[in-house]
Amino acid sequence: MIKTENVVKRFGGLTAVDGVSLEIAKGSITGLVGPNGAGKTTFFNLIAGRFPPTSGKIFLDGEDVTGLTAHDLFSKGLLRTFQIAHEFTHLTVRENLMMVPPDQAGETLWNAWFRPGLVKQQEEEIRAKADEVIAFLNLGRVAEELAGNLSGGQKKLVELGRTMMVDAKVVLLDEVGAGVNRSLLREIGDAILRLNQERGYTFCMIEHDMDFIARLCDPIIVMAEGKFLASGTADQIMADDAVIEAYLGAGRDREAERAAHAAREEAGA
Amino acid sequence: MPDFVDILNALALMSNFVFVPALSYGAQLALGALGITLVFGILRFANFAHGDQMAFGTMVVVLVTFWLQAMGVSIDPVPTAFLALPIGIAVAILMSLGIDRTVYRFYRKRRVAPVIYVVASVGVMYLLNGLTRFVIGPDDQRFADGARFLINAREFKEMTGLAEGITIKVSQGLTVLISIIVVIALFWFLQKTRMGKAMRAYSDNEDLALLSGINPEKVVAVTWIIAATLATIAGTMYGLDKSFKPFTYFQLILPMFAAAIVGGIGQPVGAIVGGFIVAFSEVMLTYAYKKVALYLTHGGWEPEGLLQILSTEYKFAISFLILVVVLLVRPTGIFRGKVIT
């Protein structure tokens, strides 16, 4: 579904993503893990068209989409959520959802003023769809609430709901579980599984919660220091030496540094 | 002690020289500030070319008005300029969209910092400024015709028997009326229509808007269309009220920015409130209250001075002062601006 070839992204002197080639299979729920600073979010932003890669190529469904903008990719069926939930704070939950479908008649000034019938009819259809999504995600109680007033977890649900307003091919979830309580997280997990099985969505998710990811994802891809490290099932990953090294290595360095610092302090005293 | 008639005379005097002019000037500033605020809310930069976009649109209206007058076309008692207004708006819109296409879109593609847009808009300002003067010249142009007054001072005096008259010019009445209609239409558009909501959404969270079916280029185009329309209407009203002079319109950028910032930049309601605050401050602080004082003291106390707080040459300083005070005391403005709500 998504394929990257030797994708590199540099910010000034920092190489955030360093030659990643990997593939996200159609119909899969692929997990993307790695220690902090591994370049996961940058990699997501590259796929989602937030910014173009410094070099390398990105394919969506076999088509070269390198350098396309987020908006272009959205119209090709690639959607994403954000690590910190994004919402239109001054619109209601329902309006947030209704904002998603493209090319609505009410978008042109002419139709808005002079063809209210057409606009209204289309809006009814989109409203019906939004209500379906609201029911699916159990958001009925807050449908008329301004999205800015929701809790963090509910905002995550709204973001997920956005992806259901159009026929998404791929959905990128950036830490959908961050700041969400356990029971809501289970609900989100259920929704993801249902969307995957019933509607055939392909998911790719960045996640730190290993239980959550082990439950949903196969395969899991591990990144470290901007590079692809390993991929496989949860069990395979957790048994992989390189992965353990990557997660614990950083910790080990810090310990060594602390020891050295202590030694210097002692020498100073 | 002043008697009742004295108080009425003082009120008439104040109405004539303060309330009526400030009301129509405020409405003109409000329409201008609305354009600035919308451009800021959507494109995220302070558009310094707004005053000259206003001048350009108004220039077209003036030229078409002259042509219509020469052809003998008239819609008396309404000023001929109203017939020319749609053409002026259309040309101003085309100009705005053309500038966006050639200048701002280039920077939008590169996602440059806001300050670069601002500097680019200063360039556009000089360009339009030069173009306007090149076409119509730097001089004063008077293009008002039709009936001059809704209420004229003499009739008012005869009707009420007061010593002081109230004059309401047709242009002033129309300014207020048209502003009300335009503002209602704009708010309905922003609150109720898909495009209006899309604009508010885009202003609220651009990243997310790009991941919705919101076409960013369309949002930007509609923003320019609205800004150019409002600017041309405001400019035409101002010109009918006073006169058209390119340099005056260039100077109007200051009170318009002050209005947008006082109200909270990015907030349409703020722009309107701000427009009236700036207009009333300007007029009230530069008005000579000597005669009012005379009435209120029943002629018993004649001040030596004019009782004018600031001379009219300083009226732009008032905008500056308001700007500085707001930025120090409440930088977000009255309505906590930044996004269009």
# chains A, B, ... in the order shown; residues from 1 in each chain; ligands from 1

$ residues_around --residues "range 119-123 of chain A" --least-positions-apart "3" --cutoff "8 Å" --atoms "only C-alpha atoms" --output "list in words"
Gln104, Ala105, Gly106, Asn111, Ala112, Arg115, Pro116, Ile126 and Arg127 of chain A

$ residues_around --residues "range 92-105 of chain B" --least-positions-apart "5" --cutoff "12 Å" --atoms "only C-alpha atoms" --output "JSON, numbers by chain"
{"B": [35, 39, 43, 44, 45, 47, 49, 50, 52, 53, 54, 55, 56, 57, 58, 59, 60, 61, 85, 86, 87, 110, 111, 112, 113, 114, 116, 117, 118, 119, 120, 121, 122, 123, 124, 125, 127, 128, 131, 132, 216, 217, 218, 219, 220, 221, 222, 223, 224, 225, 226, 227, 228, 229, 230, 231, 232, 233, 235]}

$ residues_around --residues "Arg148 in chain B" --least-positions-apart "5" --cutoff "12 Å" --atoms "only C-alpha atoms" --output "list in words"
Asp76, Pro77, Val78, Pro79, Phe143, Ala153, Thr167, Ile168, Lys169, Val170, Ser171, Gln172, Gly173, Leu174, Leu240 and Asp241 of chain B

$ closest_residue --among "A:Glu107, A:Asp18, A:Asp64, A:Glu5" --to "chain B" --atoms "only C-alpha atoms"
A:Glu107

$ residues_around --residues "Leu285 in chain B" --least-positions-apart "3" --cutoff "6 Å" --atoms "only C-alpha atoms" --output "VMD selection string"
chain B and resid 281 to 282 309 to 310

$ interface_residues --of "chain A" --to "chain B" --cutoff "10 Å" --atoms "only C-alpha atoms" --output "PyMOL selection string"
chain A and resi 48+50-51+69-75+78-82+85-91+95-109+111-113+116+119-120+123+159+162-163+165-166

$ closest_residue --among "A:Glu144, A:Asp131, A:Glu63, A:Asp241" --to "Thr92 in chain A" --atoms "only C-alpha atoms"
A:Glu144

$ select_by_dssp --residues "range 26-225 of chain A" --states "helix (DSSP H, G or I)" --output "PyMOL selection string"
chain A and resi 40-47+70-75+93-98+105-107+109-114+116-136+140-142+147-149+152-164+182-199+210-216

$ residues_around --residues "Ala22 in chain B" --least-positions-apart "5" --cutoff "12 Å" --atoms "only C-alpha atoms" --output "MDAnalysis selection string"
chainID B and resid 14:17 27:30 168 172 175:176 238 241 275:287

$ write_last_selection --atoms "C-alpha atoms" --output "PDB file, in the first residue's frame"
ATOM      1  CA  MET B  14     -22.623  67.099  19.103  1.00  0.00           C
ATOM      2  CA  SER B  15     -24.734  64.942  16.795  1.00  0.00           C
ATOM      3  CA  ASN B  16     -23.891  67.030  13.810  1.00  0.00           C
ATOM      4  CA  PHE B  17     -20.154  67.258  14.326  1.00  0.00           C
ATOM      5  CA  ALA B  27     -18.562  52.010   9.540  1.00  0.00           C
ATOM      6  CA  GLN B  28     -16.022  52.685   6.801  1.00  0.00           C
ATOM      7  CA  LEU B  29     -13.127  51.752   9.079  1.00  0.00           C
ATOM      8  CA  ALA B  30     -14.993  48.656  10.232  1.00  0.00           C
ATOM      9  CA  ILE B 168     -27.041  63.892   7.567  1.00  0.00           C
ATOM     10  CA  GLN B 172     -23.479  58.884   5.523  1.00  0.00           C
ATOM     11  CA  THR B 175     -22.688  54.030   4.537  1.00  0.00           C
ATOM     12  CA  VAL B 176     -24.363  52.939   7.717  1.00  0.00           C
ATOM     13  CA  TYR B 238     -15.258  57.207   2.301  1.00  0.00           C
ATOM     14  CA  ASP B 241     -18.305  61.221   2.251  1.00  0.00           C
ATOM     15  CA  GLY B 275     -13.661  50.516  13.809  1.00  0.00           C
ATOM     16  CA  PHE B 276     -16.137  52.494  15.870  1.00  0.00           C
ATOM     17  CA  ILE B 277     -13.772  52.868  18.822  1.00  0.00           C
ATOM     18  CA  VAL B 278     -11.066  54.328  16.612  1.00  0.00           C
ATOM     19  CA  ALA B 279     -13.492  56.548  14.706  1.00  0.00           C
ATOM     20  CA  PHE B 280     -15.146  57.953  17.819  1.00  0.00           C
ATOM     21  CA  SER B 281     -11.797  58.490  19.526  1.00  0.00           C
ATOM     22  CA  GLU B 282     -10.479  60.345  16.514  1.00  0.00           C
ATOM     23  CA  VAL B 283     -13.493  62.580  16.107  1.00  0.00           C
ATOM     24  CA  MET B 284     -14.124  63.221  19.795  1.00  0.00           C
ATOM     25  CA  LEU B 285     -10.515  64.010  20.612  1.00  0.00           C
ATOM     26  CA  THR B 286     -10.123  66.447  17.728  1.00  0.00           C
ATOM     27  CA  TYR B 287     -13.461  68.225  18.067  1.00  0.00           C
TER      28      TYR B 287
END

$ atom_distance --atom1 "CA of Ala128 in chain A" --atom2 "CA of Gly161 in chain A"
13.6 Å

$ closest_residue --among "A:Thr4, A:Asn149, A:Thr233, A:Asn181" --to "Phe59 in chain A" --atoms "only C-alpha atoms"
A:Thr4

$ closest_residue --among "B:Met159, B:Ser311, B:Pro268, B:Val329" --to "Trp188 in chain B" --atoms "only C-alpha atoms"
B:Pro268

$ closest_atom_pairs --of "range 70-184 of chain A" --to "range 195-205 of chain A" --cutoff "10 Å" --atoms "only C-alpha atoms" --output "JSON lines"
{"residue": "A:Leu78", "atom": "CA", "partner": "A:Thr202", "partner_atom": "CA", "distance": 9.7}
{"residue": "A:Leu79", "atom": "CA", "partner": "A:Phe203", "partner_atom": "CA", "distance": 9.7}
{"residue": "A:Arg80", "atom": "CA", "partner": "A:Cys204", "partner_atom": "CA", "distance": 9.3}
{"residue": "A:Thr81", "atom": "CA", "partner": "A:Met205", "partner_atom": "CA", "distance": 9.5}
{"residue": "A:Thr163", "atom": "CA", "partner": "A:Tyr201", "partner_atom": "CA", "distance": 9.7}
{"residue": "A:Met164", "atom": "CA", "partner": "A:Leu195", "partner_atom": "CA", "distance": 8.4}
{"residue": "A:Asp167", "atom": "CA", "partner": "A:Tyr201", "partner_atom": "CA", "distance": 8.6}
{"residue": "A:Ala168", "atom": "CA", "partner": "A:Tyr201", "partner_atom": "CA", "distance": 6.6}
{"residue": "A:Lys169", "atom": "CA", "partner": "A:Tyr201", "partner_atom": "CA", "distance": 5.6}
{"residue": "A:Val170", "atom": "CA", "partner": "A:Thr202", "partner_atom": "CA", "distance": 4.7}
{"residue": "A:Val171", "atom": "CA", "partner": "A:Phe203", "partner_atom": "CA", "distance": 4.9}
{"residue": "A:Leu172", "atom": "CA", "partner": "A:Cys204", "partner_atom": "CA", "distance": 4.9}
{"residue": "A:Leu173", "atom": "CA", "partner": "A:Met205", "partner_atom": "CA", "distance": 4.5}
{"residue": "A:Asp174", "atom": "CA", "partner": "A:Met205", "partner_atom": "CA", "distance": 5.8}
{"residue": "A:Glu175", "atom": "CA", "partner": "A:Met205", "partner_atom": "CA", "distance": 6.9}
{"residue": "A:Val176", "atom": "CA", "partner": "A:Met205", "partner_atom": "CA", "distance": 7.7}
{"residue": "A:Gly177", "atom": "CA", "partner": "A:Met205", "partner_atom": "CA", "distance": 9.9}

$ closest_residue --among "A:Ala135, A:Met210, A:Ala130, A:Leu150" --to "Ala191 in chain A" --atoms "only C-alpha atoms"
A:Ala135

$ atom_distance --atom1 "CA of Gly239 in chain B" --atom2 "CA of Gly266 in chain B"
26.3 Å
